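Text of model.cif (mmCIF, C-alpha atoms) as supplied:
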data_my_file
#
loop_
_atom_site.label_atom_id
_atom_site.label_comp_id
_atom_site.auth_asym_id
_atom_site.auth_seq_id
_atom_site.Cartn_x
_atom_site.Cartn_y
_atom_site.Cartn_z
CA MET A 1 -25.49 -109.30 -31.11
CA ASN A 2 -25.84 -106.09 -29.06
CA PHE A 3 -23.98 -102.82 -29.54
CA ILE A 4 -21.34 -103.31 -26.82
CA THR A 5 -20.52 -106.84 -27.98
CA ARG A 6 -20.18 -105.79 -31.60
CA PHE A 7 -18.09 -102.79 -30.73
CA SER A 8 -15.73 -104.71 -28.45
CA ALA A 9 -15.27 -107.31 -31.21
CA LEU A 10 -14.10 -104.53 -33.50
CA CYS A 11 -11.67 -103.31 -30.86
CA LEU A 12 -10.15 -106.77 -30.43
CA ARG A 13 -9.13 -106.73 -34.08
CA LYS A 14 -7.06 -103.59 -33.60
CA SER A 15 -3.33 -103.62 -34.16
CA LYS A 16 -0.82 -104.95 -31.65
CA MET A 17 0.23 -101.40 -30.97
CA GLN A 18 -3.23 -100.48 -29.76
CA GLN A 19 -3.47 -103.68 -27.72
CA ARG A 20 -0.28 -102.74 -25.90
CA TYR A 21 -1.73 -99.29 -25.36
CA LEU A 22 -4.95 -100.70 -23.95
CA SER A 23 -3.13 -103.03 -21.60
CA SER A 24 -0.84 -100.29 -20.30
CA ARG A 25 -3.60 -97.82 -19.40
CA ARG A 26 -3.98 -96.90 -15.78
CA PRO A 27 -6.82 -98.51 -13.81
CA ALA A 28 -9.93 -96.41 -13.36
CA VAL A 29 -9.94 -94.57 -10.03
CA PRO A 30 -12.36 -91.92 -8.73
CA LEU A 31 -11.66 -88.42 -10.02
CA GLY A 32 -8.71 -89.42 -12.18
CA SER A 33 -5.09 -90.30 -11.47
CA ARG A 34 -2.97 -87.85 -13.48
CA ILE A 35 -0.87 -86.34 -10.72
CA LEU A 36 1.46 -83.42 -11.31
CA THR A 37 4.75 -84.36 -9.61
CA ASP A 38 7.09 -82.15 -11.64
CA PRO A 39 5.98 -78.50 -11.93
CA ALA A 40 8.16 -78.15 -15.03
CA LYS A 41 5.78 -80.48 -16.88
CA ILE A 42 2.62 -78.58 -16.04
CA PHE A 43 1.83 -77.70 -19.67
CA GLU A 44 2.24 -81.25 -20.99
CA HIS A 45 -1.46 -82.00 -20.31
CA ASN A 46 -4.69 -80.00 -20.25
CA MET A 47 -5.78 -81.24 -16.80
CA TRP A 48 -4.12 -82.49 -13.60
CA ASP A 49 -6.03 -84.43 -10.92
CA HIS A 50 -6.14 -84.26 -7.11
CA VAL A 51 -4.45 -80.87 -6.88
CA GLN A 52 -3.69 -79.69 -3.36
CA TRP A 53 -4.03 -76.00 -2.59
CA SER A 54 -1.56 -74.17 -0.41
CA GLN A 55 -2.86 -72.07 2.47
CA GLU A 56 -1.94 -68.96 0.51
CA GLU A 57 -3.96 -70.09 -2.51
CA GLU A 58 -6.95 -70.85 -0.27
CA GLU A 59 -6.77 -67.40 1.32
CA ARG A 60 -6.48 -65.67 -2.07
CA ALA A 61 -9.56 -67.50 -3.30
CA LYS A 62 -11.57 -66.56 -0.20
CA ASN A 63 -10.55 -62.92 -0.51
CA LYS A 64 -11.41 -62.83 -4.20
CA ALA A 65 -14.88 -64.32 -3.57
CA ALA A 66 -15.47 -61.84 -0.74
CA GLU A 67 -14.40 -58.98 -2.99
CA ASN A 68 -16.69 -59.88 -5.91
CA SER A 69 -19.61 -60.33 -3.48
CA LEU A 70 -19.47 -56.82 -2.05
CA VAL A 71 -21.92 -55.37 -4.57
CA LYS A 72 -25.18 -57.33 -4.80
CA VAL A 73 -27.67 -57.40 -7.66
CA ARG A 74 -30.71 -55.21 -6.96
CA LEU A 75 -33.62 -57.06 -5.35
CA GLU A 76 -36.01 -56.24 -8.19
CA ASP A 77 -33.54 -57.72 -10.66
CA GLN A 78 -33.07 -60.78 -8.47
CA ASP A 79 -36.83 -61.35 -8.58
CA LYS A 80 -36.74 -61.07 -12.35
CA TYR A 81 -33.99 -63.68 -12.67
CA GLU A 82 -36.04 -66.03 -10.49
CA ARG A 83 -39.35 -65.48 -12.30
CA GLU A 84 -37.87 -65.73 -15.77
CA ALA A 85 -35.26 -68.41 -15.18
CA SER A 86 -36.67 -70.75 -17.84
CA ASN A 87 -36.71 -67.90 -20.38
CA TYR A 88 -33.00 -67.24 -19.87
CA TRP A 89 -32.18 -70.93 -20.34
CA ASN A 90 -34.42 -71.12 -23.40
CA GLU A 91 -32.47 -68.23 -24.88
CA PHE A 92 -29.25 -70.03 -24.01
CA TYR A 93 -30.26 -73.15 -25.94
CA LYS A 94 -31.73 -71.09 -28.76
CA THR A 95 -28.33 -69.43 -29.17
CA HIS A 96 -26.00 -72.38 -28.58
CA LYS A 97 -28.27 -75.34 -29.45
CA ASN A 98 -26.24 -78.49 -28.73
CA ASN A 99 -22.84 -76.95 -29.50
CA PHE A 100 -21.93 -75.47 -26.13
CA PHE A 101 -21.33 -78.55 -23.95
CA LYS A 102 -19.42 -81.68 -24.92
CA ASP A 103 -20.89 -85.15 -24.50
CA ARG A 104 -20.18 -86.46 -21.01
CA ASN A 105 -18.41 -89.67 -21.96
CA TRP A 106 -16.74 -89.67 -18.52
CA LEU A 107 -20.05 -90.50 -16.84
CA PHE A 108 -19.55 -94.27 -16.73
CA LEU A 109 -16.08 -93.96 -15.25
CA GLU A 110 -17.22 -91.79 -12.34
CA PHE A 111 -20.81 -93.06 -12.10
CA PRO A 112 -20.94 -96.72 -13.13
CA GLU A 113 -24.16 -96.93 -11.07
CA ILE A 114 -25.98 -95.43 -14.06
CA LEU A 115 -25.92 -98.90 -15.59
CA PRO A 116 -27.56 -102.12 -14.35
CA GLU A 117 -25.16 -104.34 -12.43
CA GLU A 118 -24.87 -106.91 -15.21
CA LYS A 119 -24.00 -104.19 -17.72
CA ARG A 120 -21.35 -102.81 -15.37
CA GLU A 121 -19.72 -106.22 -15.14
CA GLN A 122 -19.84 -106.52 -18.92
CA LEU A 123 -18.13 -103.17 -19.35
CA LYS A 124 -15.44 -104.08 -16.80
CA THR A 125 -14.65 -107.16 -18.82
CA GLU A 126 -14.81 -105.60 -22.26
CA GLU A 127 -13.40 -102.13 -21.68
CA LYS A 128 -10.82 -102.26 -18.85
CA SER A 129 -10.89 -98.46 -18.64
CA SER A 130 -12.79 -95.35 -19.63
CA GLU A 131 -11.30 -95.15 -23.12
CA LEU A 132 -13.64 -97.70 -24.67
CA ILE A 133 -16.67 -95.84 -23.42
CA LYS A 134 -15.18 -92.59 -24.67
CA SER A 135 -14.54 -94.06 -28.08
CA THR A 136 -18.21 -94.99 -28.58
CA SER A 137 -18.77 -91.41 -29.72
CA SER A 138 -16.75 -92.21 -32.87
CA PHE A 139 -18.76 -95.33 -33.73
CA PRO A 140 -20.41 -94.91 -37.17
CA HIS A 141 -23.72 -93.21 -36.52
CA GLN A 142 -25.55 -95.03 -39.30
CA ASP A 143 -24.79 -98.46 -37.82
CA PHE A 144 -25.70 -97.31 -34.31
CA HIS A 145 -28.97 -95.78 -35.40
CA GLY A 146 -29.89 -98.90 -37.35
CA MET A 147 -29.41 -101.11 -34.30
CA PHE A 148 -31.27 -98.57 -32.21
CA GLU A 149 -34.37 -98.78 -34.40
CA GLU A 150 -34.68 -102.55 -34.79
CA GLY A 151 -37.70 -104.20 -33.22
CA LYS A 152 -38.71 -101.31 -30.96
CA GLU A 153 -42.20 -100.18 -30.01
CA TYR A 154 -42.75 -96.54 -29.30
CA TRP A 155 -44.29 -95.31 -26.06
CA LYS A 156 -47.13 -92.82 -26.20
CA SER A 157 -45.90 -89.25 -26.07
CA ASN A 158 -48.86 -88.05 -24.02
CA TYR A 159 -49.76 -89.14 -20.52
CA GLY A 160 -52.54 -88.38 -18.09
CA GLU A 161 -52.05 -86.36 -14.96
CA ASP A 162 -53.36 -89.18 -12.81
CA SER A 163 -50.60 -91.49 -13.99
CA THR A 164 -48.15 -89.78 -11.67
CA SER A 165 -49.90 -90.74 -8.45
CA VAL A 166 -47.90 -92.84 -6.06
CA LEU A 167 -49.23 -96.36 -5.56
CA GLY A 168 -49.43 -95.82 -1.84
CA GLN A 169 -51.23 -92.51 -2.28
CA ILE A 170 -53.78 -94.18 -4.52
CA CYS A 171 -54.63 -97.05 -2.23
CA ASN A 172 -53.87 -95.87 1.30
CA LYS A 173 -57.05 -93.87 1.64
CA ASN A 174 -59.06 -96.80 0.42
CA GLN A 175 -57.34 -99.16 2.82
CA ALA A 176 -58.06 -96.82 5.70
CA LYS A 177 -61.76 -97.11 4.91
CA SER A 178 -63.93 -100.17 4.59
CA VAL A 179 -62.49 -102.72 2.18
CA THR A 180 -66.06 -103.64 1.33
CA ASP A 181 -66.70 -100.34 -0.36
CA ASN A 182 -66.95 -101.52 -3.98
CA SER A 183 -66.89 -98.05 -5.49
CA GLN A 184 -63.58 -97.27 -3.81
CA ASP A 185 -62.14 -100.62 -4.90
CA GLU A 186 -63.14 -99.91 -8.47
CA ASN A 187 -61.51 -96.48 -8.29
CA CYS A 188 -58.28 -98.04 -6.97
CA ARG A 189 -58.25 -100.59 -9.79
CA GLU A 190 -58.88 -97.82 -12.32
CA GLN A 191 -55.96 -95.80 -11.01
CA LEU A 192 -53.71 -98.88 -10.99
CA GLY A 193 -54.62 -99.45 -14.63
CA LYS A 194 -53.48 -95.94 -15.45
CA LEU A 195 -50.23 -96.50 -13.58
CA GLU A 196 -49.46 -99.49 -15.74
CA SER A 197 -49.49 -97.33 -18.87
CA PHE A 198 -46.87 -94.75 -17.94
CA PRO A 199 -43.77 -94.43 -20.16
CA GLY A 200 -41.20 -97.03 -19.19
CA SER A 201 -43.72 -99.05 -17.15
CA GLY A 202 -42.38 -102.30 -18.58
CA ALA A 203 -38.76 -101.60 -17.59
CA ALA A 204 -36.99 -103.12 -14.62
CA TYR A 205 -34.17 -100.56 -14.43
CA ARG A 206 -35.01 -96.87 -14.74
CA VAL A 207 -32.79 -93.79 -14.79
CA LEU A 208 -33.83 -90.12 -14.62
CA GLU A 209 -31.56 -87.28 -15.65
CA VAL A 210 -32.71 -83.98 -14.19
CA GLY A 211 -31.71 -80.94 -16.24
CA CYS A 212 -30.86 -82.86 -19.40
CA GLY A 213 -30.06 -79.76 -21.44
CA ALA A 214 -29.35 -80.62 -25.07
CA GLY A 215 -28.68 -84.29 -24.26
CA ASN A 216 -24.96 -84.32 -23.47
CA SER A 217 -25.57 -87.07 -20.93
CA VAL A 218 -28.64 -88.59 -22.56
CA PHE A 219 -27.02 -89.81 -25.75
CA PRO A 220 -23.84 -91.28 -24.23
CA ILE A 221 -26.13 -93.21 -21.87
CA LEU A 222 -28.39 -94.36 -24.68
CA LYS A 223 -25.42 -95.56 -26.71
CA VAL A 224 -24.62 -97.99 -23.92
CA LEU A 225 -28.16 -98.88 -22.88
CA CYS A 226 -29.49 -99.47 -26.40
CA ASN A 227 -30.69 -103.04 -26.85
CA THR A 228 -30.32 -103.68 -23.11
CA PRO A 229 -33.63 -105.33 -22.21
CA GLY A 230 -35.54 -103.89 -19.29
CA THR A 231 -33.85 -100.47 -19.14
CA PHE A 232 -35.42 -97.06 -19.63
CA LEU A 233 -34.11 -93.48 -19.44
CA TYR A 234 -36.18 -90.45 -18.47
CA CYS A 235 -34.80 -86.95 -18.97
CA CYS A 236 -36.29 -83.57 -18.19
CA ASP A 237 -35.48 -79.90 -18.31
CA PHE A 238 -37.53 -76.81 -17.49
CA ALA A 239 -36.30 -75.16 -20.69
CA SER A 240 -38.65 -76.36 -23.41
CA GLY A 241 -36.06 -75.48 -26.04
CA ALA A 242 -33.61 -77.95 -24.49
CA VAL A 243 -36.18 -80.77 -24.49
CA GLU A 244 -36.97 -80.08 -28.14
CA LEU A 245 -33.27 -80.37 -28.98
CA VAL A 246 -33.19 -83.80 -27.31
CA LYS A 247 -36.36 -85.06 -28.98
CA SER A 248 -35.26 -83.83 -32.41
CA HIS A 249 -31.87 -85.55 -32.18
CA SER A 250 -31.43 -88.40 -34.67
CA SER A 251 -30.50 -90.83 -31.88
CA TYR A 252 -33.55 -90.10 -29.71
CA ASN A 253 -35.84 -93.11 -29.50
CA SER A 254 -38.94 -93.19 -27.35
CA ALA A 255 -38.69 -96.96 -26.97
CA TRP A 256 -35.73 -96.34 -24.65
CA CYS A 257 -36.12 -92.74 -23.55
CA PHE A 258 -38.82 -90.26 -22.54
CA ALA A 259 -37.92 -86.54 -22.59
CA PHE A 260 -40.32 -84.09 -20.97
CA VAL A 261 -40.50 -80.48 -19.79
CA HIS A 262 -40.52 -80.23 -16.01
CA ASP A 263 -39.78 -77.58 -13.37
CA VAL A 264 -38.35 -79.44 -10.38
CA CYS A 265 -39.03 -76.38 -8.19
CA ASP A 266 -42.79 -76.82 -8.67
CA ASP A 267 -43.86 -79.42 -6.10
CA ALA A 268 -47.37 -79.55 -7.52
CA LEU A 269 -46.20 -80.45 -11.01
CA PRO A 270 -46.66 -84.21 -11.61
CA TYR A 271 -44.02 -86.52 -13.03
CA PRO A 272 -44.96 -88.89 -15.86
CA PHE A 273 -44.30 -91.90 -13.61
CA PRO A 274 -45.07 -92.95 -10.02
CA ASP A 275 -42.85 -92.38 -7.01
CA GLU A 276 -40.36 -95.00 -5.84
CA ILE A 277 -39.64 -96.55 -9.26
CA LEU A 278 -36.26 -95.01 -10.14
CA ASP A 279 -33.00 -96.88 -9.70
CA VAL A 280 -30.83 -93.83 -10.45
CA ILE A 281 -31.25 -90.06 -10.55
CA LEU A 282 -28.53 -88.09 -12.31
CA LEU A 283 -28.14 -84.53 -11.04
CA VAL A 284 -25.13 -83.06 -12.84
CA PHE A 285 -24.55 -79.28 -12.92
CA VAL A 286 -28.25 -78.65 -12.28
CA LEU A 287 -28.85 -77.87 -8.62
CA SER A 288 -26.42 -74.94 -8.82
CA ALA A 289 -28.82 -73.15 -11.20
CA ILE A 290 -31.61 -73.19 -8.58
CA HIS A 291 -32.10 -70.57 -5.88
CA PRO A 292 -30.48 -71.81 -2.64
CA ASP A 293 -33.76 -71.33 -0.73
CA ARG A 294 -35.47 -73.87 -2.99
CA MET A 295 -32.76 -76.53 -3.19
CA GLN A 296 -33.84 -78.57 -0.16
CA ARG A 297 -37.41 -79.00 -1.37
CA VAL A 298 -36.12 -80.07 -4.77
CA VAL A 299 -33.89 -82.73 -3.24
CA ASN A 300 -36.68 -83.91 -0.93
CA ARG A 301 -39.01 -84.39 -3.89
CA LEU A 302 -36.40 -86.22 -5.97
CA ALA A 303 -35.67 -88.58 -3.07
CA LYS A 304 -39.28 -89.73 -3.15
CA LEU A 305 -38.87 -90.82 -6.77
CA LEU A 306 -36.10 -93.29 -5.88
CA LYS A 307 -36.95 -96.85 -5.03
CA PRO A 308 -35.42 -98.15 -1.78
CA GLY A 309 -31.76 -98.77 -2.53
CA GLY A 310 -31.82 -96.31 -5.44
CA MET A 311 -28.90 -93.93 -6.02
CA LEU A 312 -28.74 -90.18 -6.56
CA LEU A 313 -25.56 -89.21 -8.43
CA PHE A 314 -24.47 -85.60 -8.04
CA ARG A 315 -21.76 -83.43 -9.58
CA ASP A 316 -21.68 -79.65 -9.48
CA TYR A 317 -19.56 -76.54 -8.93
CA GLY A 318 -17.46 -76.35 -5.77
CA ARG A 319 -16.60 -73.35 -3.62
CA TYR A 320 -13.86 -71.12 -5.08
CA ASP A 321 -13.87 -72.70 -8.50
CA THR A 322 -12.20 -70.46 -11.07
CA SER A 323 -15.59 -69.59 -12.56
CA GLN A 324 -16.67 -68.15 -9.18
CA LEU A 325 -13.55 -66.07 -8.78
CA ARG A 326 -13.89 -64.61 -12.28
CA PHE A 327 -17.20 -62.89 -11.51
CA LYS A 328 -16.99 -59.13 -11.34
CA LYS A 329 -18.70 -56.96 -8.76
CA GLY A 330 -22.41 -56.54 -9.32
CA HIS A 331 -23.09 -60.16 -10.33
CA CYS A 332 -23.56 -61.58 -6.84
CA LEU A 333 -27.16 -62.43 -5.90
CA SER A 334 -26.42 -63.76 -2.42
CA GLU A 335 -23.56 -65.55 -0.70
CA ASN A 336 -21.84 -67.82 -3.28
CA PHE A 337 -24.76 -67.37 -5.70
CA TYR A 338 -24.21 -65.38 -8.92
CA VAL A 339 -25.87 -64.40 -12.17
CA ARG A 340 -24.00 -64.71 -15.46
CA GLY A 341 -24.15 -62.16 -18.24
CA ASP A 342 -26.80 -64.20 -20.07
CA GLY A 343 -29.15 -64.22 -17.05
CA THR A 344 -28.50 -67.83 -15.99
CA ARG A 345 -27.47 -68.38 -12.37
CA VAL A 346 -24.94 -70.54 -10.56
CA TYR A 347 -24.24 -71.53 -6.96
CA PHE A 348 -20.93 -72.86 -5.62
CA PHE A 349 -21.20 -75.67 -3.04
CA THR A 350 -19.14 -77.09 -0.21
CA LYS A 351 -19.32 -80.82 0.43
CA ASP A 352 -20.81 -80.09 3.87
CA GLU A 353 -23.74 -78.29 2.25
CA VAL A 354 -24.26 -81.18 -0.15
CA TRP A 355 -24.15 -83.72 2.67
CA ASN A 356 -26.67 -81.73 4.72
CA MET A 357 -29.16 -81.43 1.86
CA PHE A 358 -29.19 -85.08 0.90
CA ASN A 359 -29.08 -86.25 4.51
CA LEU A 360 -32.14 -84.14 5.36
CA ALA A 361 -33.89 -85.78 2.41
CA GLY A 362 -33.32 -89.15 4.04
CA LEU A 363 -30.46 -90.33 1.83
CA THR A 364 -27.23 -91.88 3.06
CA GLU A 365 -23.75 -91.03 1.83
CA VAL A 366 -21.89 -93.44 -0.42
CA GLN A 367 -19.41 -90.89 -1.74
CA ASN A 368 -18.93 -87.16 -1.14
CA LEU A 369 -15.71 -85.71 -2.52
CA VAL A 370 -14.13 -82.38 -3.39
CA ASP A 371 -12.64 -82.73 -6.86
CA ARG A 372 -9.80 -80.22 -7.23
CA ARG A 373 -8.09 -80.13 -10.60
CA LEU A 374 -5.62 -77.87 -12.35
CA GLN A 375 -6.78 -77.00 -15.86
CA VAL A 376 -4.27 -75.37 -18.19
CA ASN A 377 -4.40 -73.63 -21.51
CA ARG A 378 -1.18 -74.85 -23.09
CA LYS A 379 -1.30 -72.32 -25.90
CA LYS A 380 -1.82 -69.26 -23.69
CA LYS A 381 0.09 -70.72 -20.71
CA VAL A 382 -2.86 -70.03 -18.40
CA LYS A 383 -3.58 -72.05 -15.25
CA MET A 384 -7.08 -72.42 -13.75
CA GLN A 385 -7.99 -74.02 -10.42
CA ARG A 386 -11.18 -76.04 -10.94
CA VAL A 387 -13.28 -77.24 -8.01
CA TRP A 388 -16.24 -79.59 -8.25
CA ILE A 389 -18.23 -81.62 -5.76
CA GLN A 390 -18.94 -85.23 -6.70
CA SER A 391 -21.31 -87.28 -4.57
CA LYS A 392 -23.36 -90.46 -4.45
CA PHE A 393 -26.25 -90.85 -2.02
CA GLN A 394 -28.48 -93.87 -1.56
CA LYS A 395 -32.05 -94.23 -0.40
CA PRO A 396 -32.20 -96.64 2.55
CA PHE A 397 -34.22 -99.79 2.02
CA LEU A 398 -36.40 -99.00 5.03
CA LEU A 399 -36.85 -95.27 4.43
CA SER A 400 -40.19 -93.86 5.52
CA LEU A 401 -41.45 -91.37 2.93
CA SER A 402 -43.76 -89.76 5.46
CA ASN A 403 -40.87 -88.91 7.80
CA PRO A 404 -37.49 -89.00 6.00
CA GLU A 405 -35.83 -87.19 8.92
CA GLU A 406 -35.98 -90.44 10.90
CA THR A 407 -33.07 -91.77 8.82
CA THR A 408 -30.77 -88.77 9.18
CA LYS A 409 -27.41 -89.22 10.84
CA ARG A 410 -24.82 -87.04 12.53
CA HIS A 411 -22.67 -85.02 10.18
CA PRO A 412 -19.47 -86.99 9.46
CA TYR A 413 -17.36 -83.89 8.79
CA GLY A 414 -17.73 -82.25 12.17
#
Starting from the file, give its structure as structure tokens.
Amino acid sequence: MNFITRFSALCLRKSKMQQRYLSSRRPAVPLGSRILTDPAKIFEHNMWDHVQWSQEEEERAKNKAAENSLVKVRLEDQDKYEREASNYWNEFYKTHKNNFFKDRNWLFLEFPEILPEEKREQLKTEEKSSELIKSTSSFPHQDFHGMFEEGKEYWKSNYGEDSTSVLGQICNKNQAKSVTDNSQDENCREQLGKLESFPGSGAAYRVLEVGCGAGNSVFPILKVLCNTPGTFLYCCDFASGAVELVKSHSSYNSAWCFAFVHDVCDDALPYPFPDEILDVILLVFVLSAIHPDRMQRVVNRLAKLLKPGGMLLFRDYGRYDTSQLRFKKGHCLSENFYVRGDGTRVYFFTKDEVWNMFNLAGLTEVQNLVDRRLQVNRKKKVKMQRVWIQSKFQKPFLLSLSNPEETTKRHPYG
């Protein structure tokens, strides 16, 4: 009996009070459904969804962002932040380890595409809402880890550089030449043999999280995917300290997951798997840490990793989020791009910018939303306007990797 089945059986034995609670919960909708209708009740919850800004609030935010952008960071310091970006993030994880960010148990509510279709249907039946997924974090760790370890075979932790070659790249040159050239045929077969040995090669459904950090998405995903045949999770970060935190976690298991150090800005750096094998790429609060001039190339490269029909799931900071407006003068690197006090950087997107990037990479929009929420500190009576961009883009089934621009469309927002 797998983890989800066992856990749902436990939930069914809950008291009648909890059953009534479960049945009365609101249906899952994108970006939440807690709407503030009575301003007098603003401090009854920590977060309110789908908040509409007045024109005055919009203007104040624009003016504040313009004001804190007047003084730019010196060019020599900007170069330093770019060159030593991984060092600053390594220091971040050395200081905070896995205590800074909370586990993203909301992932399956907003991004059910992370899971294979049959698993999604199972969760719809067994959970009814996001609360069951959220509650998996309280499941006894010993029982979970025991199930996680049973009957698994571990993948090799090392892999050859040649294993990252794309199947088409391996064979196309040979096909262009004489098919009777035995030496070339042998070379192709040798390369194909190497491809078959990459981590997760036996899986049918593969997910990559880019910028995994300390595993705040990795382990909630693994808790659901464990003992799901044919699934495999890759996760990478360019901060080696973050990857070590993931691999040293008690719930990390290389039968289901492969964590590796990777700089997505380095086009020449190989991935430990071929192109066009991923069903899902998770890009959550990662692209904002990359220099704006390098973002498009990063997205282009990631698009090549997706199989036709694969999904790229994106969530990141939106323009005029409270965290942007709180920056003081002297922290602005370029327009809407800032450096924090610890040397890490952050960019604040509009949904038009997001659409343009993914469209130029040959992906088509499934969802592209501005998520505006009102976050409150009930103890201090402080209100904060949060803005995020949440998007889903799909690789067309007939996408040409050699010319992704052929699939681009007119901008839907004007």
List the neighbours of A:Thr350 out to 7 Å using only C-alpha atoms; skip same-chain residues closer than 3 positions along the sequence, and give me the result as a list in words.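 That gives Gly318, Arg319, Glu353 and Val354 of chain A.
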For atom CA of A:Val71 and atom CA of A:Asp293, the interatomic separation in Å (one decimal):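 Atom-to-atom, atom CA of A:Val71 and atom CA of A:Asp293 are spaced 20.2 Å apart.
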Nearest to A:Arg372 by atom-to-atom distance, counting only C-alpha atoms, from A:Phe358, A:Tyr317, A:Tyr252, A:Trp89: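 That would be A:Tyr317, the residue with the smallest distance to A:Arg372.
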Between atom CA of A:Ser217 and atom CA of A:Glu82 - distance in Å to one decimal: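 Separation between atom CA of A:Glu82 and atom CA of A:Ser217: 25.7 Å.
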For atom CA of A:Phe337 and atom CA of A:Asn356, determine how far apart the two atoms are, in Å to one decimal place.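 Result for atom CA of A:Phe337 versus atom CA of A:Asn356: 17.8 Å, one decimal.
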If you take all atoms listed in the file and a cut-off of 10 Å, which residues of stretch 300-392 of chain A touch stretch 105-126 of chain A, and what are their nearest atom pairs and distances in Å to one decimal, in chain and number order, as a tab-separated table?
residue	atom	partner	partner_atom	distance
A:Gly310	CA	A:Glu113	CA	9.5
A:Met311	CA	A:Glu113	CA	7.5
A:Leu312	CA	A:Glu113	CA	9.3
A:Leu313	CA	A:Phe111	CA	7.1
A:Phe314	CA	A:Phe111	CA	9.2
A:Arg315	CA	A:Glu110	CA	9.9
A:Gln390	CA	A:Glu110	CA	8.8
A:Ser391	CA	A:Phe111	CA	9.5
A:Lys392	CA	A:Phe111	CA	8.5
Find the residues with any atom within 9 Å of (-40.2, -88.9, -21.6); use only C-alpha atoms and the coordinates as given in the file, and write the answer as a ChimeraX atom specification. /A:155,157,199-200,233-236,254,257-261,272
Find the residue from A:Val286, A:Leu305, A:Ala239, A:Val224 that sits nearest to A:Leu208; use all atoms listed in the file when measuring. A:Leu305
Given only C-alpha atoms as the basis, pick out the residue of A:Asn46, A:Ser248, A:Ser288, A:Thr344 nearest to A:Lys379.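 Among A:Asn46, A:Ser248, A:Ser288, A:Thr344, it is A:Asn46 that comes nearest to A:Lys379.
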Residue neighbourhood A:Asn336, 8 Å, all atoms listed in the file, exclusion window fewer than 5 positions, as number ranges by chain: A: 65, 69, 319, 324, 347-349
Using only C-alpha atoms, which of A:Leu225, A:Leu363, A:Val376, A:Ala61 sits nearest A:Lys395?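 Between A:Leu225, A:Leu363, A:Val376, A:Ala61, the residue approaching A:Lys395 most closely is A:Leu363.
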Picked residues, the PyMOL selection byres ((chain A and resi 332) around 12), expected as number ranges by chain: A: 65-75, 77-78, 324-331, 333-341, 343, 345-348
For the selection you just gave me, I'd like the residues written to a file as a PDB file, in the coordinates of the input, keeping C-alpha atoms.
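Writing done, so here's out-v6.pdb:
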ATOM      1  CA  ALA A  65     -14.880 -64.320  -3.570  1.00  0.00           C
ATOM      2  CA  ALA A  66     -15.470 -61.840  -0.740  1.00  0.00           C
ATOM      3  CA  GLU A  67     -14.400 -58.980  -2.990  1.00  0.00           C
ATOM      4  CA  ASN A  68     -16.690 -59.880  -5.910  1.00  0.00           C
ATOM      5  CA  SER A  69     -19.610 -60.330  -3.480  1.00  0.00           C
ATOM      6  CA  LEU A  70     -19.470 -56.820  -2.050  1.00  0.00           C
ATOM      7  CA  VAL A  71     -21.920 -55.370  -4.570  1.00  0.00           C
ATOM      8  CA  LYS A  72     -25.180 -57.330  -4.800  1.00  0.00           C
ATOM      9  CA  VAL A  73     -27.670 -57.400  -7.660  1.00  0.00           C
ATOM     10  CA  ARG A  74     -30.710 -55.210  -6.960  1.00  0.00           C
ATOM     11  CA  LEU A  75     -33.620 -57.060  -5.350  1.00  0.00           C
ATOM     12  CA  ASP A  77     -33.540 -57.720 -10.660  1.00  0.00           C
ATOM     13  CA  GLN A  78     -33.070 -60.780  -8.470  1.00  0.00           C
ATOM     14  CA  GLN A 324     -16.670 -68.150  -9.180  1.00  0.00           C
ATOM     15  CA  LEU A 325     -13.550 -66.070  -8.780  1.00  0.00           C
ATOM     16  CA  ARG A 326     -13.890 -64.610 -12.280  1.00  0.00           C
ATOM     17  CA  PHE A 327     -17.200 -62.890 -11.510  1.00  0.00           C
ATOM     18  CA  LYS A 328     -16.990 -59.130 -11.340  1.00  0.00           C
ATOM     19  CA  LYS A 329     -18.700 -56.960  -8.760  1.00  0.00           C
ATOM     20  CA  GLY A 330     -22.410 -56.540  -9.320  1.00  0.00           C
ATOM     21  CA  HIS A 331     -23.090 -60.160 -10.330  1.00  0.00           C
ATOM     22  CA  LEU A 333     -27.160 -62.430  -5.900  1.00  0.00           C
ATOM     23  CA  SER A 334     -26.420 -63.760  -2.420  1.00  0.00           C
ATOM     24  CA  GLU A 335     -23.560 -65.550  -0.700  1.00  0.00           C
ATOM     25  CA  ASN A 336     -21.840 -67.820  -3.280  1.00  0.00           C
ATOM     26  CA  PHE A 337     -24.760 -67.370  -5.700  1.00  0.00           C
ATOM     27  CA  TYR A 338     -24.210 -65.380  -8.920  1.00  0.00           C
ATOM     28  CA  VAL A 339     -25.870 -64.400 -12.170  1.00  0.00           C
ATOM     29  CA  ARG A 340     -24.000 -64.710 -15.460  1.00  0.00           C
ATOM     30  CA  GLY A 341     -24.150 -62.160 -18.240  1.00  0.00           C
ATOM     31  CA  GLY A 343     -29.150 -64.220 -17.050  1.00  0.00           C
ATOM     32  CA  ARG A 345     -27.470 -68.380 -12.370  1.00  0.00           C
ATOM     33  CA  VAL A 346     -24.940 -70.540 -10.560  1.00  0.00           C
ATOM     34  CA  TYR A 347     -24.240 -71.530  -6.960  1.00  0.00           C
ATOM     35  CA  PHE A 348     -20.930 -72.860  -5.620  1.00  0.00           C
TER      36      PHE A 348
END
A:Phe397, A:Tyr271, A:Tyr320, A:Phe219: which is nearest A:Asn63, counting all atoms listed in the file?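 Closest residue, counting all atoms listed in the file: A:Tyr320.
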Could you list as JSON, numbers by chain every residue that has an atom within 12 Å of (-42.6, -84.6, -5.1), using the file's coordinates and counting only C-alpha atoms? {"A": [164, 165, 166, 262, 263, 264, 265, 266, 267, 268, 269, 270, 271, 272, 273, 274, 275, 276, 296, 297, 298, 299, 300, 301, 302, 303, 304, 305, 306, 361, 401, 402]}
